[in-house]
Amino acid sequence: MATATLLLVSTPTVRLATPADAEQIRAIYNHEVMHTVATFDLVPRSLPEQREWLAARSGAFAAIVAVDTDAEPGADIVGFGALSPYKDRAAYRTSVENSVYVRRDRHAQGVGTGLLNELLRIAADSGFHAVFARINASGDASIALHRRCGFELVGIEREVGRKFNRWHDVALMECLL
């Protein structure tokens, strides 16, 4: 009989992102830009661009990180998330869009759930009514994560993104707070 090996992974702590987190956030994000369709960005971010992105996210439009306190400094951020304005027009001010990215070696370990639940708490505390997610329709894990956290599929945008020489559909999901 084979014996199973138990992999113990520490539960990350979720906190607000700081400017010092920019490089690790950038590394996670740029991997997705270059290798996946989790984002429709086509060009990796530079460190100054990542710092600018972070500086634009404060207060109700927070950026947060999941930190593995057992990891080495400089390699301790295992995921990040953010809230962004949903649309520019005034009537949309009570709605936000979320984004969550998890470092590849920490997928399926609860990091995304911790980040998304914290984003939902921040959104509710900030007085938002609806949180939206735009997810590549082939992103089964991300769709499942959002369903677990109370999101429902409200539509499919057909062939709205083009990356890696293919058209991509986007699933629009919503969580009412």
# chains A, B, ... in the order shown; residues from 1 in each chain; ligands from 1

call {"tool": "closest_atom_pairs", "arguments": {"of": "region 10-128 of chain A", "to": "region 149-156 of chain A", "cutoff": "9 Å", "atoms": "only C-alpha atoms", "output": "Markdown table"}}
result
| residue | atom | partner | partner_atom | distance |
| --- | --- | --- | --- | --- |
| A:Thr113 | CA | A:Cys149 | CA | 7.2 |
| A:Leu116 | CA | A:Cys149 | CA | 7.3 |
| A:Asn117 | CA | A:Cys149 | CA | 6.7 |
| A:Leu120 | CA | A:Cys149 | CA | 8.7 |

call {"tool": "residues_around", "arguments": {"residues": "Leu119 (chain A)", "least_positions_apart": "6", "cutoff": "8 Å", "atoms": "only C-alpha atoms", "output": "MDAnalysis selection string"}}
result
chainID A and resid 64 81:83 98

call {"tool": "write_last_selection", "arguments": {"atoms": "N, CA and C atoms", "output": "mmCIF file, in the first residue's frame"}}
result
data_model
loop_
_atom_site.group_PDB
_atom_site.id
_atom_site.type_symbol
_atom_site.label_atom_id
_atom_site.label_comp_id
_atom_site.auth_asym_id
_atom_site.auth_seq_id
_atom_site.Cartn_x
_atom_site.Cartn_y
_atom_site.Cartn_z
ATOM 1 N N ILE A 64 -4.789 44.520 -2.288
ATOM 2 C CA ILE A 64 -4.398 43.708 -1.146
ATOM 3 C C ILE A 64 -3.458 42.599 -1.607
ATOM 4 N N GLY A 81 -4.972 41.062 -5.024
ATOM 5 C CA GLY A 81 -6.279 41.390 -5.563
ATOM 6 C C GLY A 81 -6.518 42.878 -5.468
ATOM 7 N N ALA A 82 -7.525 43.347 -6.182
ATOM 8 C CA ALA A 82 -7.827 44.776 -6.167
ATOM 9 C C ALA A 82 -9.277 45.015 -6.543
ATOM 10 N N LEU A 83 -9.757 46.165 -6.122
ATOM 11 C CA LEU A 83 -11.057 46.674 -6.559
ATOM 12 C C LEU A 83 -10.799 47.872 -7.450
ATOM 13 N N ASN A 98 -13.633 43.456 -9.495
ATOM 14 C CA ASN A 98 -12.522 42.878 -8.740
ATOM 15 C C ASN A 98 -11.559 42.171 -9.676
#

call {"tool": "residues_around", "arguments": {"residues": "region 17-25 of chain A", "least_positions_apart": "3", "cutoff": "7 Å", "atoms": "only C-alpha atoms", "output": "list of chain:residue names"}}
result
A:Ile28, A:Tyr29, A:Leu47, A:Gln50, A:Arg51, A:Leu54, A:Ala63, A:Ile64, A:Val65, A:Ile77, A:Phe80

call {"tool": "select_by_dssp", "arguments": {"residues": "region 131-173 of chain A", "states": "alpha helix (DSSP H)", "output": "VMD selection string"}}
result
chain A and resid 140 to 148

call {"tool": "write_last_selection", "arguments": {"atoms": "C-alpha atoms", "output": "PDB file, in the first residue's frame"}}
result
ATOM      1  CA  ASP A 140     -12.846  27.328 -14.995  1.00  0.00           C
ATOM      2  CA  ALA A 141     -10.856  27.723 -11.764  1.00  0.00           C
ATOM      3  CA  SER A 142     -11.522  31.461 -11.568  1.00  0.00           C
ATOM      4  CA  ILE A 143     -15.198  30.986 -12.363  1.00  0.00           C
ATOM      5  CA  ALA A 144     -15.417  28.310  -9.632  1.00  0.00           C
ATOM      6  CA  LEU A 145     -13.643  30.606  -7.149  1.00  0.00           C
ATOM      7  CA  HIS A 146     -16.122  33.386  -7.795  1.00  0.00           C
ATOM      8  CA  ARG A 147     -19.092  31.003  -7.508  1.00  0.00           C
ATOM      9  CA  ARG A 148     -17.773  29.781  -4.130  1.00  0.00           C
TER      10      ARG A 148
END

call {"tool": "atom_distance", "arguments": {"atom1": "CA of Arg15 (chain A)", "atom2": "CA of His107 (chain A)"}}
result
18.8 Å

call {"tool": "closest_residue", "arguments": {"among": "A:Leu176, A:Val14, A:Ala62, A:Val43", "to": "Asp76 (chain A)", "atoms": "only C-alpha atoms"}}
result
A:Val14

call {"tool": "atom_distance", "arguments": {"atom1": "CA of Ala171 (chain A)", "atom2": "CA of Arg93 (chain A)"}}
result
21.6 Å

call {"tool": "closest_residue", "arguments": {"among": "A:Pro44, A:Gly79, A:Gly161, A:Gly59", "to": "Gln109 (chain A)", "atoms": "only C-alpha atoms"}}
result
A:Gly79

call {"tool": "select_by_dssp", "arguments": {"residues": "chain A", "states": "strand (DSSP E)", "output": "NGL selection string"}}
result
:A and (13-16 or 63-67 or 77-85 or 95-102 or 130-136 or 152-163 or 166-176)

call {"tool": "closest_residue", "arguments": {"among": "A:Met173, A:Val131, A:Ala56, A:Ala137", "to": "Thr94 (chain A)", "atoms": "only C-alpha atoms"}}
result
A:Val131
